[in-house]
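Trainee: Before anything else, here's the structure in question.
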Number of protein chains: 2
Amino acid sequence: MRNSVRELRETAGLSQAGLAAELGVSRQTVNSIETGRYDPSLPLAIAIARRFTTTVEEIFHVD
Amino acid sequence: MRNSVRELRETAGLSQAGLAAELGVSRQTVNSIETGRYDPSLPLAIAIARRFTTTVEEIFHVD
DNA sequence: CGCCGATGTCAAGCATCCTTGTCATGTCAA
DNA sequence: TTGACATGACAAGGATGCTTGACATCGGCG
């Protein structure tokens with residue numbers, strides 16, 4: 001599962017910690033998603049998509 | 001987290017077991033998602049959306 | 001140099017997702 | 001009535017998501 005969270009976050013000028021705070025999760029969670037350690041839960045994926053005013057399918061692609 | 005999986009499945013004339021087979025998960029998983037026991041994982045949510053040619057956001061709504 | 005913000009990663013623990021197996025109920029057709 | 005199918009639900013266990021806490025590295029800046 002590839003995702004474009006890092007690109008979106010950097011474009012928005014946010015740090016991992018900053019985005020994590022906005023999403024209400026830990027910095028390690030954002031880092032783990034960006035580095036592909038694991039996929040976010042569905043509610044978190046939707047929250048990420050909403051944060052960047054886009055859709056889940058735009059951000060997360062099945063391999 | 002509300003979802004419209006049951007409506008989509010019934011409109012498609014599928015049983016829970018039939019949909020589960022198409023998605024590669026157990027019947028109990030489909031049942032649990034429909035009855036709101038828990039949310040699907042992100043990859044499963046995407047697979048469900050694709051099965052019904054719609055989007056994750058169309059099917060799953062945060063409360 | 002010393003400090004700080006940002007990132008990567010690990011470990012341990014808890015929560016959630018998904019499994020197989022099982023049992024109960026309801027409905028419909030033979 | 002009997003049997004097959006569909007659904008709802010529970011238990012136990014494995015897999016995954018998320019947490020806090022910690023430690024290391026790197027780059028920029030005083």
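So you can find residues: chains in the structure tokens are A, B, ... in the order shown, residues in each start at 1, and ligands are numbered from 1 in order.
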Could you list, as a PyMOL selection string, every residue within 10 Å of region 3-8 of chain D, counting only C-alpha atoms (C1' of nucleotides) and ignoring same-chain residues fewer than 6 positions away?

Mentor: (chain B and resi 15-17+28+31-32+35) or (chain C and resi 24-30)

Trainee: Next, write the just-selected residues to a file, as a CSV table (one decimal), in the first residue's frame, keeping N, CA, C and O atoms (P, O5', C5', C4', C3', O3' and C1' of nucleotides) as the atom set.

Mentor:
chain,number,residue,atom,x,y,z
B,15,SER,N,-25.3,-12.3,-1.0
B,15,SER,CA,-25.4,-12.7,0.4
B,15,SER,C,-24.2,-12.2,1.0
B,15,SER,O,-23.2,-11.9,0.4
B,16,GLN,N,-24.2,-12.2,2.4
B,16,GLN,CA,-22.9,-11.8,3.1
B,16,GLN,C,-21.8,-12.7,2.7
B,16,GLN,O,-20.7,-12.3,2.5
B,17,ALA,N,-22.1,-14.0,2.6
B,17,ALA,CA,-21.1,-15.0,2.3
B,17,ALA,C,-20.6,-14.8,0.9
B,17,ALA,O,-19.4,-15.0,0.6
B,28,GLN,N,-18.2,-13.7,8.6
B,28,GLN,CA,-18.3,-13.0,9.9
B,28,GLN,C,-17.7,-11.5,9.8
B,28,GLN,O,-18.3,-10.6,10.4
B,31,ASN,N,-20.4,-9.5,8.0
B,31,ASN,CA,-21.5,-9.3,9.0
B,31,ASN,C,-21.1,-8.3,10.1
B,31,ASN,O,-21.9,-7.4,10.4
B,32,SER,N,-19.9,-8.4,10.6
B,32,SER,CA,-19.5,-7.5,11.6
B,32,SER,C,-19.4,-6.0,11.2
B,32,SER,O,-19.7,-5.1,11.9
B,35,THR,N,-23.1,-4.8,10.7
B,35,THR,CA,-23.8,-4.6,11.9
B,35,THR,C,-23.1,-3.6,12.8
B,35,THR,O,-23.5,-3.3,14.0
C,24,DA,P,-27.7,-24.1,20.4
C,24,DA,O5',-28.5,-22.8,20.0
C,24,DA,C5',-28.2,-21.6,20.6
C,24,DA,C4',-29.0,-20.5,19.8
C,24,DA,C3',-30.4,-20.9,19.4
C,24,DA,O3',-31.3,-19.9,19.9
C,24,DA,C1',-29.2,-20.0,17.6
C,25,DT,P,-32.9,-20.3,19.7
C,25,DT,O5',-33.4,-19.3,18.5
C,25,DT,C5',-33.0,-18.0,18.5
C,25,DT,C4',-33.2,-17.4,17.1
C,25,DT,C3',-34.6,-17.8,16.5
C,25,DT,O3',-35.4,-16.6,16.5
C,25,DT,C1',-32.8,-18.0,14.9
C,26,DG,P,-37.0,-16.8,15.9
C,26,DG,O5',-36.9,-16.5,14.4
C,26,DG,C5',-36.2,-15.3,13.9
C,26,DG,C4',-36.2,-15.3,12.4
C,26,DG,C3',-37.6,-15.7,11.8
C,26,DG,O3',-37.9,-14.8,10.8
C,26,DG,C1',-35.8,-17.1,10.9
C,27,DT,P,-39.4,-14.8,10.0
C,27,DT,O5',-39.1,-15.1,8.5
C,27,DT,C5',-37.8,-14.9,8.0
C,27,DT,C4',-37.6,-15.6,6.7
C,27,DT,C3',-38.9,-16.1,6.0
C,27,DT,O3',-38.8,-15.9,4.6
C,27,DT,C1',-37.5,-17.9,6.3
C,28,DC,P,-40.2,-15.7,3.7
C,28,DC,O5',-39.8,-16.6,2.4
C,28,DC,C5',-38.5,-16.8,2.1
C,28,DC,C4',-38.3,-18.2,1.5
C,28,DC,C3',-39.5,-18.8,0.9
C,28,DC,O3',-39.2,-19.3,-0.4
C,28,DC,C1',-38.6,-20.4,2.4
C,29,DA,P,-40.5,-19.7,-1.5
C,29,DA,O5',-40.0,-21.1,-2.0
C,29,DA,C5',-38.6,-21.4,-2.2
C,29,DA,C4',-38.4,-22.9,-2.0
C,29,DA,C3',-39.4,-23.8,-2.8
C,29,DA,O3',-38.7,-24.9,-3.3
C,29,DA,C1',-39.3,-24.3,-0.5
C,30,DA,P,-39.4,-25.7,-4.5
C,30,DA,O5',-39.3,-27.2,-4.0
C,30,DA,C5',-38.0,-27.7,-3.5
C,30,DA,C4',-38.3,-29.0,-2.7
C,30,DA,C3',-39.3,-29.9,-3.3
C,30,DA,O3',-38.8,-31.3,-3.2
C,30,DA,C1',-39.9,-29.3,-1.1

Trainee: Using only C-alpha atoms (C1' of nucleotides) and a distance of at most 9 Å, pull out the residues of chain C that contact chain B, as an MDAnalysis selection string.

Mentor: chainID C and resid 16:19

Trainee: Please, which residues in chain A fall within 12 Å of chain B when counting only C-alpha atoms, and what is the closest atom pair and distance in Å to one decimal for each, ordered by chain then residue number, as JSON lines?

Mentor:
{"residue": "A:Met1", "atom": "CA", "partner": "B:Pro43", "partner_atom": "CA", "distance": 8.0}
{"residue": "A:Arg2", "atom": "CA", "partner": "B:Pro43", "partner_atom": "CA", "distance": 11.0}
{"residue": "A:Asn3", "atom": "CA", "partner": "B:Leu42", "partner_atom": "CA", "distance": 11.9}
{"residue": "A:Tyr38", "atom": "CA", "partner": "B:Leu42", "partner_atom": "CA", "distance": 10.4}
{"residue": "A:Asp39", "atom": "CA", "partner": "B:Leu42", "partner_atom": "CA", "distance": 7.0}
{"residue": "A:Pro40", "atom": "CA", "partner": "B:Leu42", "partner_atom": "CA", "distance": 6.8}
{"residue": "A:Ser41", "atom": "CA", "partner": "B:Ser41", "partner_atom": "CA", "distance": 5.7}
{"residue": "A:Leu42", "atom": "CA", "partner": "B:Leu42", "partner_atom": "CA", "distance": 4.8}
{"residue": "A:Pro43", "atom": "CA", "partner": "B:Val62", "partner_atom": "CA", "distance": 7.3}
{"residue": "A:Leu44", "atom": "CA", "partner": "B:Leu42", "partner_atom": "CA", "distance": 9.1}
{"residue": "A:Ala45", "atom": "CA", "partner": "B:Leu42", "partner_atom": "CA", "distance": 7.2}
{"residue": "A:Ile46", "atom": "CA", "partner": "B:Glu57", "partner_atom": "CA", "distance": 7.5}
{"residue": "A:Ala47", "atom": "CA", "partner": "B:Val62", "partner_atom": "CA", "distance": 9.2}
{"residue": "A:Ala49", "atom": "CA", "partner": "B:Glu57", "partner_atom": "CA", "distance": 9.6}
{"residue": "A:Arg50", "atom": "CA", "partner": "B:Glu57", "partner_atom": "CA", "distance": 9.9}
{"residue": "A:Thr54", "atom": "CA", "partner": "B:Glu57", "partner_atom": "CA", "distance": 10.3}
{"residue": "A:Thr55", "atom": "CA", "partner": "B:Glu57", "partner_atom": "CA", "distance": 7.3}
{"residue": "A:Val56", "atom": "CA", "partner": "B:Val56", "partner_atom": "CA", "distance": 6.7}
{"residue": "A:Glu57", "atom": "CA", "partner": "B:Thr55", "partner_atom": "CA", "distance": 7.3}
{"residue": "A:Glu58", "atom": "CA", "partner": "B:Thr55", "partner_atom": "CA", "distance": 10.3}
{"residue": "A:Ile59", "atom": "CA", "partner": "B:Ile46", "partner_atom": "CA", "distance": 11.5}
{"residue": "A:Phe60", "atom": "CA", "partner": "B:Leu42", "partner_atom": "CA", "distance": 8.8}
{"residue": "A:His61", "atom": "CA", "partner": "B:Pro43", "partner_atom": "CA", "distance": 8.9}
{"residue": "A:Val62", "atom": "CA", "partner": "B:Pro43", "partner_atom": "CA", "distance": 7.2}
{"residue": "A:Asp63", "atom": "CA", "partner": "B:Pro43", "partner_atom": "CA", "distance": 10.3}

Trainee: For chain D, list the residues within 8 Å of chain A, counting only C-alpha atoms (C1' of nucleotides), and write the list as a list in words.

Mentor: DT16, DG17, DC18 and DT19 of chain D

Trainee: Using all C-alpha atoms paired in order, least-squares fit chain A onto chain B and give me the moved copy as a CSV table (one decimal) with N, CA, C and O atoms, in the first residue's frame.

Mentor:
chain,number,residue,atom,x,y,z
A,1,MET,N,-19.0,5.2,13.3
A,1,MET,CA,-18.8,5.1,11.9
A,1,MET,C,-19.9,4.3,11.2
A,1,MET,O,-20.0,3.1,11.3
A,2,ARG,N,-20.8,5.1,10.5
A,2,ARG,CA,-21.9,4.5,9.8
A,2,ARG,C,-21.4,4.0,8.4
A,2,ARG,O,-20.5,4.7,7.8
A,3,ASN,N,-22.0,3.0,7.8
A,3,ASN,CA,-21.7,2.6,6.5
A,3,ASN,C,-22.9,2.0,5.7
A,3,ASN,O,-23.9,1.6,6.4
A,4,SER,N,-22.8,2.0,4.4
A,4,SER,CA,-23.9,1.6,3.6
A,4,SER,C,-23.6,0.3,2.9
A,4,SER,O,-24.1,0.1,1.8
A,5,VAL,N,-22.8,-0.6,3.5
A,5,VAL,CA,-22.5,-1.8,2.9
A,5,VAL,C,-23.7,-2.7,2.6
A,5,VAL,O,-23.8,-3.3,1.6
A,6,ARG,N,-24.5,-2.8,3.6
A,6,ARG,CA,-25.7,-3.7,3.5
A,6,ARG,C,-26.6,-3.3,2.3
A,6,ARG,O,-27.0,-4.1,1.5
A,7,GLU,N,-26.8,-2.0,2.2
A,7,GLU,CA,-27.7,-1.5,1.1
A,7,GLU,C,-27.1,-1.9,-0.2
A,7,GLU,O,-27.7,-2.3,-1.1
A,8,LEU,N,-25.8,-1.6,-0.3
A,8,LEU,CA,-25.1,-1.9,-1.6
A,8,LEU,C,-25.1,-3.4,-1.9
A,8,LEU,O,-25.3,-3.8,-3.1
A,9,ARG,N,-24.8,-4.2,-0.9
A,9,ARG,CA,-24.8,-5.6,-1.1
A,9,ARG,C,-26.2,-6.1,-1.5
A,9,ARG,O,-26.3,-6.9,-2.5
A,10,GLU,N,-27.2,-5.7,-0.8
A,10,GLU,CA,-28.6,-6.2,-1.2
A,10,GLU,C,-29.0,-5.7,-2.5
A,10,GLU,O,-29.6,-6.5,-3.3
A,11,THR,N,-28.6,-4.5,-2.9
A,11,THR,CA,-29.0,-4.0,-4.2
A,11,THR,C,-28.3,-4.8,-5.3
A,11,THR,O,-28.8,-5.1,-6.4
A,12,ALA,N,-27.1,-5.3,-5.0
A,12,ALA,CA,-26.4,-6.2,-5.9
A,12,ALA,C,-26.8,-7.6,-5.9
A,12,ALA,O,-26.3,-8.4,-6.6
A,13,GLY,N,-27.8,-7.9,-5.0
A,13,GLY,CA,-28.3,-9.3,-4.9
A,13,GLY,C,-27.3,-10.3,-4.4
A,13,GLY,O,-27.3,-11.5,-4.8
A,14,LEU,N,-26.5,-9.9,-3.5
A,14,LEU,CA,-25.5,-10.7,-2.9
A,14,LEU,C,-25.8,-11.1,-1.5
A,14,LEU,O,-26.4,-10.3,-0.7
A,15,SER,N,-25.4,-12.3,-1.0
A,15,SER,CA,-25.4,-12.7,0.4
A,15,SER,C,-24.2,-12.2,1.0
A,15,SER,O,-23.2,-11.9,0.4
A,16,GLN,N,-24.2,-12.2,2.4
A,16,GLN,CA,-22.9,-11.8,3.1
A,16,GLN,C,-21.8,-12.7,2.7
A,16,GLN,O,-20.7,-12.3,2.5
A,17,ALA,N,-22.1,-14.0,2.6
A,17,ALA,CA,-21.1,-15.0,2.3
A,17,ALA,C,-20.6,-14.8,0.9
A,17,ALA,O,-19.4,-15.0,0.6
A,18,GLY,N,-21.5,-14.4,0.0
A,18,GLY,CA,-21.1,-14.2,-1.4
A,18,GLY,C,-20.1,-13.0,-1.5
A,18,GLY,O,-19.1,-13.1,-2.2
A,19,LEU,N,-20.5,-11.9,-0.8
A,19,LEU,CA,-19.6,-10.7,-0.9
A,19,LEU,C,-18.3,-11.1,-0.2
A,19,LEU,O,-17.2,-10.7,-0.7
A,20,ALA,N,-18.4,-11.8,0.9
A,20,ALA,CA,-17.1,-12.1,1.6
A,20,ALA,C,-16.2,-12.9,0.7
A,20,ALA,O,-15.0,-12.6,0.7
A,21,ALA,N,-16.8,-13.8,-0.1
A,21,ALA,CA,-15.9,-14.6,-1.0
A,21,ALA,C,-15.3,-13.7,-2.0
A,21,ALA,O,-14.1,-13.9,-2.3
A,22,GLU,N,-16.0,-12.8,-2.5
A,22,GLU,CA,-15.5,-11.9,-3.6
A,22,GLU,C,-14.4,-11.0,-3.0
A,22,GLU,O,-13.4,-10.7,-3.7
A,23,LEU,N,-14.5,-10.7,-1.7
A,23,LEU,CA,-13.5,-9.8,-1.1
A,23,LEU,C,-12.4,-10.6,-0.5
A,23,LEU,O,-11.4,-10.0,-0.1
A,24,GLY,N,-12.5,-11.9,-0.4
A,24,GLY,CA,-11.5,-12.7,0.2
A,24,GLY,C,-11.4,-12.6,1.7
A,24,GLY,O,-10.3,-12.7,2.3
A,25,VAL,N,-12.5,-12.3,2.4
A,25,VAL,CA,-12.6,-12.3,3.8
A,25,VAL,C,-13.7,-13.3,4.3
A,25,VAL,O,-14.4,-13.9,3.5
A,26,SER,N,-13.8,-13.4,5.6
A,26,SER,CA,-14.8,-14.4,6.1
A,26,SER,C,-16.2,-13.7,6.2
A,26,SER,O,-16.3,-12.5,6.1
A,27,ARG,N,-17.2,-14.6,6.2
A,27,ARG,CA,-18.6,-14.1,6.3
A,27,ARG,C,-18.8,-13.3,7.5
A,27,ARG,O,-19.5,-12.3,7.5
A,28,GLN,N,-18.2,-13.7,8.6
A,28,GLN,CA,-18.3,-12.9,9.9
A,28,GLN,C,-17.7,-11.5,9.8
A,28,GLN,O,-18.3,-10.6,10.4
A,29,THR,N,-16.7,-11.4,9.0
A,29,THR,CA,-16.1,-10.1,8.8
A,29,THR,C,-17.1,-9.1,8.1
A,29,THR,O,-17.4,-8.0,8.6
A,30,VAL,N,-17.8,-9.6,7.1
A,30,VAL,CA,-18.8,-8.8,6.4
A,30,VAL,C,-19.9,-8.5,7.3
A,30,VAL,O,-20.4,-7.3,7.4
A,31,ASN,N,-20.4,-9.5,8.0
A,31,ASN,CA,-21.5,-9.3,9.0
A,31,ASN,C,-21.1,-8.3,10.1
A,31,ASN,O,-21.9,-7.4,10.4
A,32,SER,N,-19.9,-8.4,10.6
A,32,SER,CA,-19.5,-7.5,11.6
A,32,SER,C,-19.4,-6.0,11.2
A,32,SER,O,-19.7,-5.1,11.9
A,33,ILE,N,-19.0,-5.8,9.9
A,33,ILE,CA,-18.9,-4.5,9.4
A,33,ILE,C,-20.3,-3.9,9.2
A,33,ILE,O,-20.6,-2.8,9.5
A,34,GLU,N,-21.2,-4.8,8.6
A,34,GLU,CA,-22.6,-4.3,8.4
A,34,GLU,C,-23.3,-4.0,9.7
A,34,GLU,O,-24.1,-3.0,9.7
A,35,THR,N,-23.1,-4.8,10.7
A,35,THR,CA,-23.8,-4.5,11.9
A,35,THR,C,-23.0,-3.5,12.8
A,35,THR,O,-23.5,-3.3,14.0
A,36,GLY,N,-21.9,-3.0,12.3
A,36,GLY,CA,-21.3,-1.9,13.1
A,36,GLY,C,-20.4,-2.4,14.2
A,36,GLY,O,-20.1,-1.6,15.1
A,37,ARG,N,-20.1,-3.7,14.3
A,37,ARG,CA,-19.2,-4.2,15.4
A,37,ARG,C,-17.8,-3.5,15.3
A,37,ARG,O,-17.3,-3.2,16.3
A,38,TYR,N,-17.3,-3.4,14.1
A,38,TYR,CA,-16.0,-2.7,13.9
A,38,TYR,C,-15.9,-2.2,12.5
A,38,TYR,O,-16.6,-2.6,11.6
A,39,ASP,N,-14.9,-1.3,12.3
A,39,ASP,CA,-14.6,-0.8,11.0
A,39,ASP,C,-13.7,-1.7,10.3
A,39,ASP,O,-12.8,-2.3,10.9
A,40,PRO,N,-13.8,-1.8,8.9
A,40,PRO,CA,-12.8,-2.6,8.2
A,40,PRO,C,-11.5,-1.9,8.2
A,40,PRO,O,-11.4,-0.7,8.5
A,41,SER,N,-10.4,-2.6,7.9
A,41,SER,CA,-9.1,-2.0,7.7
A,41,SER,C,-9.2,-1.2,6.4
A,41,SER,O,-10.1,-1.3,5.6
A,42,LEU,N,-8.2,-0.3,6.3
A,42,LEU,CA,-8.1,0.5,5.1
A,42,LEU,C,-8.1,-0.3,3.8
A,42,LEU,O,-9.0,0.0,2.9
A,43,PRO,N,-7.3,-1.3,3.6
A,43,PRO,CA,-7.3,-2.1,2.4
A,43,PRO,C,-8.7,-2.7,2.1
A,43,PRO,O,-9.1,-2.8,1.0
A,44,LEU,N,-9.3,-3.2,3.2
A,44,LEU,CA,-10.6,-3.9,3.0
A,44,LEU,C,-11.7,-2.8,2.6
A,44,LEU,O,-12.5,-3.1,1.7
A,45,ALA,N,-11.6,-1.7,3.2
A,45,ALA,CA,-12.5,-0.6,2.9
A,45,ALA,C,-12.4,-0.2,1.4
A,45,ALA,O,-13.4,0.0,0.7
A,46,ILE,N,-11.2,-0.1,0.9
A,46,ILE,CA,-10.9,0.2,-0.5
A,46,ILE,C,-11.5,-0.9,-1.4
A,46,ILE,O,-12.1,-0.6,-2.4
A,47,ALA,N,-11.3,-2.1,-1.0
A,47,ALA,CA,-11.8,-3.2,-1.8
A,47,ALA,C,-13.3,-3.2,-1.9
A,47,ALA,O,-13.9,-3.5,-2.9
A,48,ILE,N,-13.9,-2.9,-0.8
A,48,ILE,CA,-15.4,-2.8,-0.8
A,48,ILE,C,-15.9,-1.7,-1.7
A,48,ILE,O,-16.8,-1.9,-2.5
A,49,ALA,N,-15.2,-0.6,-1.6
A,49,ALA,CA,-15.6,0.6,-2.5
A,49,ALA,C,-15.4,0.2,-3.9
A,49,ALA,O,-16.3,0.5,-4.8
A,50,ARG,N,-14.3,-0.5,-4.3
A,50,ARG,CA,-14.1,-0.8,-5.7
A,50,ARG,C,-15.1,-1.9,-6.1
A,50,ARG,O,-15.6,-1.8,-7.3
A,51,ARG,N,-15.5,-2.8,-5.3
A,51,ARG,CA,-16.5,-3.8,-5.6
A,51,ARG,C,-17.8,-3.2,-6.1
A,51,ARG,O,-18.4,-3.7,-7.0
A,52,PHE,N,-18.1,-2.1,-5.4
A,52,PHE,CA,-19.4,-1.4,-5.8
A,52,PHE,C,-19.2,-0.2,-6.6
A,52,PHE,O,-20.1,0.7,-6.6
A,53,THR,N,-18.0,-0.1,-7.2
A,53,THR,CA,-17.7,1.0,-8.1
A,53,THR,C,-18.0,2.4,-7.5
A,53,THR,O,-18.7,3.2,-8.1
A,54,THR,N,-17.6,2.6,-6.2
A,54,THR,CA,-17.9,3.9,-5.6
A,54,THR,C,-16.6,4.2,-4.8
A,54,THR,O,-15.6,3.6,-5.0
A,55,THR,N,-16.7,5.2,-3.9
A,55,THR,CA,-15.6,5.6,-3.1
A,55,THR,C,-15.7,5.3,-1.6
A,55,THR,O,-16.8,5.0,-1.1
A,56,VAL,N,-14.6,5.2,-0.9
A,56,VAL,CA,-14.6,5.0,0.5
A,56,VAL,C,-15.5,6.0,1.2
A,56,VAL,O,-16.3,5.7,2.1
A,57,GLU,N,-15.3,7.3,0.9
A,57,GLU,CA,-16.1,8.3,1.5
A,57,GLU,C,-17.6,8.2,1.3
A,57,GLU,O,-18.4,8.7,2.1
A,58,GLU,N,-18.0,7.6,0.2
A,58,GLU,CA,-19.4,7.5,-0.1
A,58,GLU,C,-20.0,6.4,0.8
A,58,GLU,O,-21.2,6.5,1.1
A,59,ILE,N,-19.2,5.4,1.1
A,59,ILE,CA,-19.7,4.3,1.9
A,59,ILE,C,-19.6,4.5,3.4
A,59,ILE,O,-20.5,4.1,4.1
A,60,PHE,N,-18.5,5.0,3.8
A,60,PHE,CA,-18.2,5.1,5.2
A,60,PHE,C,-18.2,6.6,5.7
A,60,PHE,O,-17.5,7.4,5.2
A,61,HIS,N,-19.1,6.9,6.7
A,61,HIS,CA,-19.2,8.2,7.2
A,61,HIS,C,-18.8,8.2,8.7
A,61,HIS,O,-19.3,7.4,9.5
A,62,VAL,N,-18.0,9.2,9.1
A,62,VAL,CA,-17.7,9.4,10.5
A,62,VAL,C,-19.0,9.9,11.1
A,62,VAL,O,-19.7,10.7,10.5
A,63,ASP,N,-19.2,9.5,12.4
A,63,ASP,CA,-20.4,9.9,13.1
A,63,ASP,C,-20.5,11.4,13.4
A,63,ASP,O,-19.5,12.0,13.8

Trainee: So how many Å separate C1' of DT25 (chain D) and C1' of DG13 (chain C), to one decimal?

Mentor: 26.9 Å

Trainee: With DSSP run on the backbone, what are the strand (DSSP E) residues within chain A? I'd like them as a PyMOL selection string.

Mentor: chain A and resi 2-3+60-61

Trainee: Report the distance between C1' of DA15 (chain C) and C1' of DA9 (chain D) in Å, rounded to one decimal place.

Mentor: 20.8 Å

Trainee: Please identify all polymer residues within 12 Å of DT22 (chain C), counting only C-alpha atoms (C1' of nucleotides), omitting same-chain residues fewer than 5 positions from it, and present them as a count of residues only.

Mentor: 4

Trainee: My list of candidates is D:DT20, D:DT2, D:DG13, D:DC26. Which is closest to DG8 (chain C) when distances are computed with only C-alpha atoms (C1' of nucleotides)?

Mentor: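 Residue with the minimum atom-to-atom distance to DG8 (chain C): D:DC26.
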